[in-house]
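S.K.: Just one file: model.txt, with compact mmCIF, C-alpha atoms.
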# COMPACT_ATOMS: atom_id res chain seq x y z
CA MET M 162 16.91 3.76 13.84
CA LEU M 163 13.76 4.41 11.83
CA GLU M 164 12.76 7.34 14.05
CA SER M 165 16.26 8.87 13.86
CA LEU M 166 16.39 8.53 10.09
CA THR M 167 12.96 10.16 9.81
CA ILE M 168 14.08 13.15 11.88
CA VAL M 169 17.25 13.58 9.79
CA ASP M 170 15.24 13.44 6.55
CA LEU M 171 12.69 15.93 7.85
CA PHE M 172 15.39 18.35 9.03
CA ALA M 173 17.05 18.24 5.62
CA ALA M 174 13.66 18.77 3.96
CA LEU M 175 13.03 21.80 6.19
CA VAL M 176 16.37 23.33 5.19
CA LEU M 177 15.54 22.77 1.53
CA CYS M 178 12.31 24.73 1.96
CA PHE M 179 14.58 27.79 1.83
CA ARG M 180 17.44 26.47 -0.34
CA PHE M 181 15.75 24.17 -2.87
CA ASN M 182 17.59 25.34 -5.99
CA GLY M 183 20.96 23.71 -6.49
CA SER M 184 20.24 20.95 -3.97
CA PHE M 185 19.83 18.10 -6.49
CA LEU M 186 23.10 16.35 -5.57
CA THR M 187 22.30 16.59 -1.85
CA ARG M 188 18.86 15.09 -2.40
CA ARG M 189 20.29 12.21 -4.43
CA ILE M 190 22.80 11.45 -1.65
CA PHE M 191 19.98 11.37 0.91
CA TYR M 192 17.98 8.97 -1.26
CA PHE M 193 20.98 6.67 -1.66
CA LEU M 194 21.76 6.70 2.08
CA ASN M 195 18.12 5.96 2.95
CA PHE M 196 18.12 3.06 0.49
CA ILE M 197 21.26 1.56 2.04
CA LEU M 198 20.19 2.08 5.66
CA LEU M 199 16.63 0.81 5.18
CA THR M 200 17.87 -2.24 3.28
CA LEU M 201 20.35 -3.10 6.03
CA HIS M 202 17.85 -2.31 8.77
CA ASP M 203 15.33 -4.83 7.42
CA GLY M 204 17.89 -7.26 6.07
CA LEU M 205 19.95 -7.73 9.22
CA ARG M 206 17.15 -7.81 11.81
CA TRP M 207 16.29 -10.92 13.79
CA ASN M 208 13.12 -11.88 15.69
CA MET M 209 11.67 -8.46 14.96
CA GLY M 210 8.83 -6.92 13.03
CA THR M 211 5.33 -7.87 11.99
CA ASP M 212 4.70 -11.52 11.04
CA TRP M 213 8.31 -12.54 11.74
CA GLU M 214 7.48 -16.05 12.87
CA ALA M 215 5.09 -16.78 9.99
CA TYR M 216 7.53 -15.81 7.23
CA HIS M 217 10.54 -17.32 8.98
CA THR M 218 8.67 -20.62 9.29
CA LEU M 219 7.53 -20.41 5.67
CA PHE M 220 11.08 -19.87 4.42
CA ASN M 221 12.47 -22.79 6.40
CA SER M 222 9.69 -25.08 5.20
CA PHE M 223 11.00 -25.03 1.63
CA SER M 224 13.42 -27.65 0.40
CA LEU M 225 14.76 -28.57 -3.01
CA GLU M 226 13.26 -32.07 -2.92
CA ASN M 227 9.80 -30.60 -2.26
CA TYR M 228 10.07 -27.96 -4.97
CA LEU M 229 8.22 -29.83 -7.73
CA ARG M 230 5.74 -31.27 -5.26
CA ASP M 231 4.78 -27.80 -4.04
CA VAL M 232 4.30 -26.27 -7.51
CA PRO M 233 0.60 -27.27 -7.88
CA ILE M 234 -0.14 -26.01 -4.35
CA HIS M 235 1.38 -22.59 -4.98
CA LEU M 236 -0.28 -22.27 -8.37
CA MET M 237 -3.63 -22.62 -6.60
CA SER M 238 -2.70 -19.80 -4.21
CA SER M 239 -3.59 -16.23 -5.15
CA ASP M 240 -0.07 -15.19 -4.07
CA HIS M 241 1.77 -17.93 -5.95
CA GLY M 242 4.32 -15.44 -7.30
CA PHE M 243 5.54 -14.70 -3.80
CA TYR M 244 5.95 -18.40 -2.98
CA PHE M 245 7.98 -18.95 -6.14
CA PHE M 246 10.09 -15.91 -5.25
CA VAL M 247 10.83 -17.34 -1.78
CA GLN M 248 11.52 -20.81 -3.17
CA LEU M 249 13.82 -19.40 -5.83
CA ILE M 250 16.02 -17.75 -3.21
CA HIS M 251 15.87 -20.67 -0.76
CA ASN M 252 16.62 -23.42 -3.28
CA PHE M 253 18.94 -21.73 -5.76
CA ILE M 254 20.67 -18.84 -3.94
CA SER M 255 20.84 -19.47 -0.19
CA SER M 256 18.85 -21.21 2.52
CA ASN M 257 20.06 -18.59 5.02
CA TYR M 258 17.14 -16.42 6.10
CA THR M 259 19.30 -13.32 6.55
CA VAL M 260 20.48 -13.57 2.93
CA TYR M 261 16.83 -13.82 1.89
CA LEU M 262 15.89 -10.75 3.95
CA ILE M 263 18.71 -8.70 2.42
CA ILE M 264 17.64 -9.66 -1.11
CA PHE M 265 13.99 -9.00 -0.27
CA SER M 266 14.78 -5.59 1.24
CA PHE M 267 17.12 -4.66 -1.61
CA ILE M 268 14.42 -5.31 -4.22
CA SER M 269 11.56 -3.77 -2.25
CA TYR M 270 13.29 -0.56 -1.18
CA GLY M 271 15.02 -0.33 -4.55
CA LEU M 272 11.69 -0.17 -6.38
CA LEU M 273 10.06 2.09 -3.79
CA ILE M 274 12.87 4.63 -3.57
CA PHE M 275 13.74 4.66 -7.28
CA SER M 276 10.09 5.22 -8.24
CA THR M 277 9.56 7.95 -5.64
CA ALA M 278 12.80 9.67 -6.65
CA SER M 279 11.75 9.67 -10.30
CA LEU M 280 8.18 10.84 -9.67
CA THR M 281 9.03 13.60 -7.15
CA ASN M 282 12.44 14.70 -8.43
CA TYR M 283 14.17 13.36 -5.30
CA ASN M 284 11.93 15.20 -2.86
CA LEU M 285 13.05 14.68 0.74
CA LEU M 286 9.62 15.14 2.27
CA SER M 287 8.36 12.20 0.24
CA LEU M 288 11.43 10.23 1.26
CA SER M 289 10.85 10.86 4.99
CA VAL M 290 7.59 8.88 4.89
CA PHE M 291 9.46 5.63 4.21
CA PRO M 292 11.29 5.42 7.55
CA GLY M 293 8.44 7.43 9.12
CA TRP M 294 5.77 4.78 8.69
CA ILE M 295 5.98 2.64 5.55
CA ALA M 296 9.02 0.71 6.83
CA PHE M 297 6.95 -0.53 9.77
CA TYR M 298 4.93 -2.62 7.30
CA SER M 299 7.96 -4.38 5.81
CA GLY M 300 7.36 -7.47 7.94
CA SER M 301 4.18 -8.11 5.96
CA GLN M 302 6.36 -9.31 3.14
CA ARG M 303 3.78 -10.23 0.50
CA GLN M 304 2.04 -6.89 0.52
CA PHE M 305 5.24 -4.92 1.06
CA ILE M 306 6.90 -6.25 -2.08
CA ALA M 307 3.62 -5.85 -3.98
CA LEU M 308 3.52 -2.24 -2.76
CA SER M 309 7.03 -1.67 -4.12
CA VAL M 310 5.95 -3.09 -7.48
CA PHE M 311 2.91 -0.78 -7.39
CA TYR M 312 5.12 2.30 -7.00
CA PHE M 313 7.13 1.10 -9.99
CA ILE M 314 3.86 0.66 -11.91
CA LEU M 315 3.03 4.31 -11.14
CA TYR M 316 6.45 5.25 -12.49
CA LEU M 317 5.76 3.27 -15.68
CA LEU M 318 2.34 4.92 -15.92
CA SER M 319 4.00 8.35 -15.87
CA LYS M 320 6.32 7.24 -18.68
CA ASN M 321 3.54 5.61 -20.78
CA GLU M 322 5.45 2.32 -20.78
CA THR M 323 2.32 0.29 -21.52
CA ILE M 324 3.76 -3.17 -22.23
CA THR M 325 6.15 -3.07 -19.27
CA LEU M 326 3.32 -1.79 -17.07
CA TYR M 327 1.17 -4.80 -17.98
CA ILE M 328 4.03 -7.18 -17.22
CA PHE M 329 4.70 -5.69 -13.80
CA SER M 330 0.97 -5.58 -13.05
CA LEU M 331 0.82 -9.35 -13.54
CA ILE M 332 3.93 -9.79 -11.39
CA GLY M 333 2.45 -7.63 -8.64
CA LEU M 334 -0.88 -9.46 -8.68
CA SER M 335 0.93 -12.77 -8.27
CA LEU M 336 2.70 -11.36 -5.19
CA HIS M 337 -0.40 -10.04 -3.41
CA ILE M 338 -3.93 -10.00 -4.75
CA SER M 339 -4.81 -6.75 -2.95
CA LEU M 340 -2.95 -4.97 -5.76
CA ALA M 341 -6.00 -5.69 -7.96
CA PHE M 342 -7.91 -2.83 -6.34
CA PRO M 343 -5.58 0.08 -7.24
CA LEU M 344 -4.88 -1.45 -10.66
CA LEU M 345 -8.61 -1.63 -11.35
CA THR M 346 -8.95 2.00 -10.27
CA ILE M 347 -6.18 3.08 -12.65
CA SER M 348 -7.79 1.12 -15.49
CA LEU M 349 -11.19 2.71 -14.94
CA LEU M 350 -9.70 6.19 -14.72
CA ASN M 351 -7.94 5.82 -18.04
CA LEU M 352 -10.67 4.48 -20.28
CA ARG M 353 -10.81 6.43 -23.49
CA TYR M 354 -13.59 9.00 -23.80
CA TYR M 355 -15.06 7.40 -26.92
CA PHE M 356 -15.07 3.99 -25.22
CA VAL M 357 -17.07 5.34 -22.29
CA LEU M 358 -19.42 7.27 -24.55
CA PHE M 359 -20.27 4.51 -27.01
CA GLN M 360 -19.83 1.33 -25.02
CA LEU M 361 -21.95 2.54 -22.11
CA LYS M 362 -24.69 3.52 -24.54
CA LYS M 363 -24.56 0.04 -26.08
CA LEU M 364 -24.63 -1.52 -22.62
CA PHE M 365 -27.67 0.54 -21.65
CA ASN M 366 -29.53 -0.52 -24.80
CA THR M 367 -28.72 -4.19 -24.09
CA LEU M 368 -29.94 -3.96 -20.51
CA HIS M 369 -33.14 -2.27 -21.66
CA ARG M 370 -33.81 -4.91 -24.31
CA TYR M 371 -33.38 -7.84 -21.90
CA ARG M 372 -34.76 -6.11 -18.79
CA LEU M 373 -37.39 -8.76 -18.05
CA PHE M 374 -34.88 -11.60 -18.29
CA ILE M 375 -32.37 -9.78 -16.08
CA PHE M 376 -35.10 -8.94 -13.58
CA SER M 377 -36.04 -12.60 -13.38
CA LEU M 378 -32.44 -13.60 -12.75
CA LEU M 379 -32.14 -11.10 -9.91
CA LEU M 380 -35.50 -11.96 -8.37
CA VAL M 381 -34.49 -15.40 -7.04
CA PRO M 382 -31.28 -14.41 -5.19
CA SER M 383 -32.99 -11.24 -3.97
CA SER M 384 -35.78 -13.31 -2.44
CA LEU M 385 -33.26 -15.57 -0.72
CA ILE M 386 -31.42 -12.58 0.70
CA TYR M 387 -34.72 -11.11 1.89
CA TYR M 388 -35.78 -14.19 3.81
CA GLN M 389 -32.29 -14.93 5.16
CA LEU M 390 -31.29 -11.43 6.25
CA SER M 391 -34.57 -9.58 6.83
CA ILE M 392 -33.45 -6.62 4.70
CA ASN M 393 -30.79 -5.39 7.10
CA PRO M 394 -28.43 -3.31 4.87
CA ARG M 395 -25.38 -4.18 6.96
CA ASP M 396 -26.18 -7.89 6.85
CA ILE M 397 -26.73 -7.74 3.11
CA LEU M 398 -23.28 -6.20 2.67
CA VAL M 399 -21.71 -8.84 4.91
CA PHE M 400 -23.53 -11.55 2.98
CA LEU M 401 -22.22 -10.27 -0.37
CA LEU M 402 -18.66 -9.68 0.86
CA THR M 403 -18.51 -13.21 2.24
CA TYR M 404 -18.54 -14.55 -1.32
CA ILE M 405 -15.87 -12.26 -2.70
CA PRO M 406 -12.99 -14.47 -3.93
CA LEU M 407 -10.59 -12.63 -1.63
CA LYS M 408 -11.80 -14.44 1.47
CA PRO M 409 -9.36 -17.40 1.14
CA VAL M 410 -6.44 -14.98 1.50
CA GLU M 411 -8.09 -13.18 4.43
CA TYR M 412 -8.58 -9.72 2.98
CA VAL M 413 -12.22 -9.90 4.00
CA ASP M 414 -11.95 -11.16 7.54
CA PHE M 415 -15.06 -11.06 9.70
CA ASN M 416 -13.27 -11.67 12.95
CA LEU M 417 -15.94 -11.21 15.61
CA LEU M 418 -13.26 -11.26 18.30
CA LEU M 419 -11.56 -8.11 17.00
CA PRO M 420 -11.05 -5.89 20.08
CA GLU M 421 -12.87 -2.57 19.92
CA SER M 422 -9.73 -0.72 21.05
CA THR M 423 -8.11 -1.37 17.66
CA LEU M 424 -10.88 0.40 15.77
CA GLY M 425 -9.77 3.89 16.79
CA SER M 426 -11.85 7.07 16.82
CA PRO M 427 -14.04 7.38 13.71
CA VAL M 428 -14.44 11.14 14.13
CA LEU M 429 -10.70 11.81 14.44
CA ALA M 430 -9.71 9.50 11.57
CA ILE M 431 -12.42 10.74 9.18
CA THR M 432 -11.63 14.38 10.03
CA LYS M 433 -7.96 13.73 9.24
CA LYS M 434 -8.81 12.22 5.85
CA LEU M 435 -11.19 15.09 5.02
CA LEU M 436 -8.43 17.61 5.83
CA ILE M 437 -6.04 15.71 3.55
CA ILE M 438 -8.57 15.93 0.72
CA VAL M 439 -9.08 19.66 1.23
CA PHE M 440 -5.33 20.22 1.48
CA PHE M 441 -4.55 18.45 -1.79
CA ILE M 442 -7.47 19.97 -3.71
CA TYR M 443 -6.38 23.45 -2.66
CA TYR M 444 -2.75 23.03 -3.69
CA ILE M 445 -3.43 21.07 -6.87
CA SER M 446 -5.77 23.86 -7.97
CA LYS M 447 -2.95 26.36 -7.36
CA ILE M 448 -0.43 24.48 -9.52
CA ARG M 449 -2.81 23.02 -12.13
CA ASN M 450 -1.02 24.92 -14.89
CA LEU M 451 2.31 23.40 -13.85
CA VAL M 452 1.17 19.80 -13.41
CA PRO M 453 -0.20 17.91 -16.46
CA ASN M 454 -3.58 16.20 -16.32
CA SER M 455 -1.90 12.83 -16.60
CA PRO M 456 -3.21 9.35 -15.64
CA LEU M 457 -0.84 9.39 -12.64
CA ILE M 458 -2.13 12.72 -11.32
CA ARG M 459 -5.75 11.67 -11.81
CA PHE M 460 -5.14 8.53 -9.75
CA LEU M 461 -3.31 10.39 -6.98
CA ILE M 462 -6.07 13.02 -6.70
CA LEU M 463 -8.81 10.39 -6.53
CA SER M 464 -6.92 8.21 -4.02
CA PRO M 465 -7.69 10.27 -0.86
CA PHE M 466 -11.42 10.05 -1.70
CA ILE M 467 -11.15 6.26 -2.03
CA SER M 468 -9.20 6.13 1.23
CA LEU M 469 -11.97 8.06 3.00
CA THR M 470 -14.68 5.80 1.52
CA LEU M 471 -12.87 2.65 2.64
CA HIS M 472 -12.40 4.09 6.10
CA ILE M 473 -16.09 4.88 6.48
CA LEU M 474 -16.88 1.36 5.30
CA SER M 475 -14.57 -0.05 7.96
CA PHE M 476 -16.64 1.65 10.67
CA ILE M 477 -19.91 0.45 9.20
CA LEU M 478 -18.38 -3.03 9.20
CA PRO M 479 -15.79 -3.06 12.04
CA GLN M 480 -14.70 -6.58 11.09
CA PHE M 481 -13.95 -5.50 7.51
CA SER M 482 -10.14 -5.59 7.60
CA ILE M 483 -9.41 -4.63 4.00
CA ASN M 484 -9.23 -0.88 4.73
CA SER M 485 -5.77 -0.84 6.35
CA ARG M 486 -4.30 -2.93 3.54
CA LEU M 487 -5.68 -0.81 0.72
CA ASP M 488 -4.82 2.49 2.36
CA LEU M 489 -1.15 1.83 1.59
CA TYR M 490 -2.03 1.97 -2.12
CA PHE M 491 -4.45 4.89 -1.94
CA GLY M 492 -4.07 7.13 1.10
CA THR M 493 -0.35 6.68 1.75
CA ALA M 494 0.73 6.72 -1.91
CA SER M 495 -1.12 9.99 -2.51
CA ILE M 496 0.52 11.59 0.54
CA VAL M 497 4.01 10.43 -0.50
CA LEU M 498 3.83 11.44 -4.15
CA LEU M 499 1.46 14.43 -4.22
CA SER M 500 3.30 16.14 -1.37
CA GLY M 501 6.56 15.88 -3.27
CA ILE M 502 5.05 17.02 -6.56
CA ILE M 503 3.34 20.02 -4.93
CA PHE M 504 6.45 20.92 -2.90
CA ASN M 505 8.50 21.16 -6.09
CA ASN M 506 6.10 23.65 -7.66
CA VAL M 507 5.31 26.14 -4.90
CA ARG M 508 7.13 28.90 -3.07
CA THR M 509 8.83 28.92 0.34
CA LEU M 510 5.79 29.61 2.54
CA SER M 511 3.75 26.85 0.92
CA ARG M 512 6.71 24.48 1.24
CA ILE M 513 6.81 25.12 4.98
CA ILE M 514 3.06 24.41 5.21
CA ILE M 515 3.53 21.15 3.31
CA PHE M 516 6.46 20.29 5.59
CA PHE M 517 4.24 20.58 8.69
CA PHE M 518 1.52 18.66 6.87
CA ILE M 519 3.89 15.70 6.41
CA CYS M 520 5.20 15.97 9.99
CA THR M 521 1.65 15.87 11.32
CA ASN M 522 0.76 12.82 9.24
CA ILE M 523 3.91 10.96 10.31
CA TYR M 524 3.25 11.76 13.99
CA PHE M 525 -0.44 10.83 13.72
CA THR M 526 0.30 7.52 12.03
CA TYR M 527 3.22 6.64 14.32
CA SER M 528 1.15 7.38 17.43
CA ARG M 529 -1.46 4.84 16.27
CA PHE M 530 1.00 1.98 15.86
CA LEU M 531 0.46 -0.82 18.33
CA CYS M 532 3.16 -3.16 19.60
CA LEU M 533 6.13 -0.90 18.92
CA GLU M 534 8.11 -3.43 20.97
CA LEU M 535 8.12 -5.48 17.75
CA PHE M 536 10.68 -2.94 16.47
CA HIS M 537 12.48 -1.88 19.67
CA PRO M 538 15.11 -2.61 20.74
CA TYR M 539 16.77 -3.55 17.47
CA TYR M 540 18.52 -6.94 17.25
CA PHE M 541 21.00 -7.94 14.55
CA PHE M 542 21.03 -11.56 13.42
CA PHE M 543 24.40 -11.96 15.18
CA SER M 544 23.31 -10.33 18.47
CA ASP M 545 23.55 -12.25 21.74
CA ASN M 546 20.57 -13.06 23.97
CA ILE M 547 17.91 -12.29 21.41
CA PRO M 548 14.48 -12.65 23.06
CA ALA M 549 11.71 -14.73 21.52
CA TRP M 550 9.57 -12.98 18.90
CA ASN M 551 6.76 -11.00 20.48
CA GLY M 552 3.79 -11.58 18.20
CA CYS M 553 1.35 -9.17 19.81
CA GLY M 554 -1.24 -9.28 17.06
CA TRP M 555 -2.42 -6.20 15.22
CA GLY M 556 0.36 -3.87 14.14
CA ILE M 557 -1.59 -0.63 13.79
CA ALA M 558 -4.71 0.87 15.27
Give the structure from the file, written as structure tokens.
M.R.:
Amino acid sequence: MLESLTIVDLFAALVLCFRFNGSFLTRRIFYFLNFILLTLHDGLRWNMGTDWEAYHTLFNSFSLENYLRDVPIHLMSSDHGFYFFVQLIHNFISSNYTVYLIIFSFISYGLLIFSTASLTNYNLLSLSVFPGWIAFYSGSQRQFIALSVFYFILYLLSKNETITLYIFSLIGLSLHISLAFPLLTISLLNLRYYFVLFQLKKLFNTLHRYRLFIFSLLLVPSSLIYYQLSINPRDILVFLLTYIPLKPVEYVDFNLLLPESTLGSPVLAITKKLLIIVFFIYYISKIRNLVPNSPLIRFLILSPFISLTLHILSFILPQFSINSRLDLYFGTASIVLLSGIIFNNVRTLSRIIIFFFICTNIYFTYSRFLCLELFHPYYFFFSDNIPAWNGCGWGIA
């Protein structure tokens, strides 16, 4: 169904390249239908999708009598918000996993589609990316719901809803700690000019005053690294990343058994990301007078550069698995939102070019998915003869 829905969305987007004016009601109907269909698609599935067995087992492990006992355990987890979310549904709404999936999908797609609709004025090209490739990640429930919260945070950022933004940032971080990276990027991008000017000057003066003390502090660990790693830059990076607090939740996973076939072609992938950067820079420069220099736009323009940097890092360190997780926040978000924003502010020929740009990205990403049998054929929870879940490992190349 996801492929069919993507084709329908893309066809409607192509038509609107020529008849964009007066199509607002049509676009809203498409957004509503996609929300309903995607919610039902993920909510009614059974033994399908990424990480099915892990989350199904997790849900069934909760019980009301163990609720208070498990509180300290989940508080120690970096994703404790997600565990409380699952327990809340299991213990106080329904212990039926299908009911949980429907609620989960309703919230996740609700935030994703509402935020995208608001930020792109119901652009159908942006919408087509959801069934085109984002929906394939829905089985990774912790990050998927954190991703939906992140899109809502971008919406709040565009509206300058500061207090609400802080609240949802805390909620998102409790769902999946990977959200810390894009939130940190947004924070750094939006520091006030006077803060950067004066506080950095003060910091420089402090470092200069205590330079001998700081040098002494760095000398001891530097010596240990030297003798342990023999000044191999790659080994130094591995050594430092090993002690990042993210390791317990497996965002820095040095899995030496990772098959080389999942690493893909570095030349092809890097070329693709460079073309995306050039594409967006060209069109943003054309519509710079129509698009405000807002915190949201600054983040979206920087995101493809961060995506490229992370991708290069993943080839320097093939076992560094954080790239694919963070690209949903940086690379994918910029494609979804910038394409829609640019499409709304250019003429017909440029709209057609952007249309083929999105089609190419959807095809390229879809062709790199591994284990598509996780999603085909589709099985409802009430279907007969449902086969056992096929957990074939990595979901994307």
S.K.: I'd like to know which of M:Leu340, M:Ala174, M:Ile467, M:Leu317 is closest to Ser500 of chain M, using all atoms listed in the file.
M.R.: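 Selected residue with least distance to Ser500 of chain M: M:Ala174.
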S.K.: Please build the interface table for segment 431-506 of chain M against segment 264-280 of chain M with a cut-off of 10 Å, listing for each qualifying residue the nearest atom pair and the distance in Å to one decimal; count all atoms listed in the file, order rows by chain and increasing number, and write it as JSON lines.
M.R.:
{"residue": "M:Leu457", "atom": "CA", "partner": "M:Leu280", "partner_atom": "CA", "distance": 9.6}
{"residue": "M:Ala494", "atom": "CA", "partner": "M:Thr277", "partner_atom": "CA", "distance": 9.7}
{"residue": "M:Val497", "atom": "CA", "partner": "M:Thr277", "partner_atom": "CA", "distance": 8.0}
{"residue": "M:Leu498", "atom": "CA", "partner": "M:Thr277", "partner_atom": "CA", "distance": 6.9}
{"residue": "M:Leu499", "atom": "CA", "partner": "M:Leu280", "partner_atom": "CA", "distance": 9.4}
{"residue": "M:Gly501", "atom": "CA", "partner": "M:Leu280", "partner_atom": "CA", "distance": 8.3}
{"residue": "M:Ile502", "atom": "CA", "partner": "M:Leu280", "partner_atom": "CA", "distance": 7.6}
S.K.: If we count all atoms listed in the file, what is near segment 438-443 of chain M at a cut-off of 10 Å, once residues fewer than 2 positions away on the same chain are taken out, given as an MDAnalysis selection string?
M.R.: chainID M and resid 432:436 445:448 461:466 468:469 492 495:496 499:500 503 515 518
S.K.: Measuring between all atoms listed in the file, which one of M:Thr200, M:Ser348, M:Ser455, M:Asn506 shows the shortest distance to Val260 of chain M?
M.R.: M:Thr200
S.K.: Mind checking which residues fall within 10 Å of Asp203 of chain M, counting all atoms listed in the file, ignoring those fewer than 6 positions away in the same chain, and posting them as a list of chain:residue names?
M.R.: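 What passes the distance filter is M:Met209, M:Gly210, M:Thr259, M:Leu262, M:Ile263, M:Phe265, M:Ser266, M:Phe267, M:Tyr270, M:Ala296, M:Phe297, M:Ser299, M:Gly300, M:Phe541.
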S.K.: Work out where the centre of an axis-aligned box around every listed atom of segment 249-255 of chain M lies and how long its edges are once 4 Å is added on each side; give both in Å to one decimal as JSON.
M.R.:
{"center_x": 17.3, "center_y": -20.6, "center_z": -3.0, "size_x": 15.0, "size_y": 13.7, "size_z": 13.6}
S.K.: Go ahead and compute the interatomic distance for atom CA of Tyr258 of chain M and atom CA of Phe329 of chain M, in Å to one decimal.
M.R.: 25.8 Å
S.K.: Enter the distance from atom CA of Ile513 of chain M to atom CA of Phe179 of chain M, in Å, rounded to one decimal.
M.R.: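 Separating atom CA of Ile513 of chain M from atom CA of Phe179 of chain M is a distance of 8.8 Å.
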S.K.: For a test of reading the model, state the distance in Å between atom CA of Phe245 of chain M and atom CA of Glu322 of chain M, rounded to one decimal.
M.R.: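 Separating atom CA of Phe245 of chain M from atom CA of Glu322 of chain M is a distance of 25.9 Å.
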S.K.: Find, counting only C-alpha atoms, the residue in M:Tyr327, M:Phe476, M:Phe517, M:Phe243 that gets nearest to Phe305 of chain M.
M.R.: M:Phe243
S.K.: From the options M:Thr526, M:Gln302, M:Ser287, M:Ser319, which residue's atoms come nearest to Asn454 of chain M, counting all atoms listed in the file?
M.R.: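 Residue with the minimum atom-to-atom distance to Asn454 of chain M: M:Ser319.
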S.K.: Which residue is closest to Phe185 of chain M? Choose from M:Leu429, M:Leu199, M:Leu285, M:Ile458 and count only C-alpha atoms.
M.R.: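 Smallest distance to Phe185 of chain M is found for M:Leu285.
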S.K.: Pick out the closest residue to Leu205 of chain M from this set: M:Phe220, M:Tyr539, M:Phe342, M:Tyr298. Count all atoms listed in the file.
M.R.: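 Closest to Leu205 of chain M, using all atoms listed in the file: M:Tyr539.
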S.K.: Using all atoms listed in the file, can you list as a PyMOL selection string the residues within 10 Å of (20.4, 11.9, -7.3)?
M.R.: chain M and resi 184-193+275+278-279+282-283
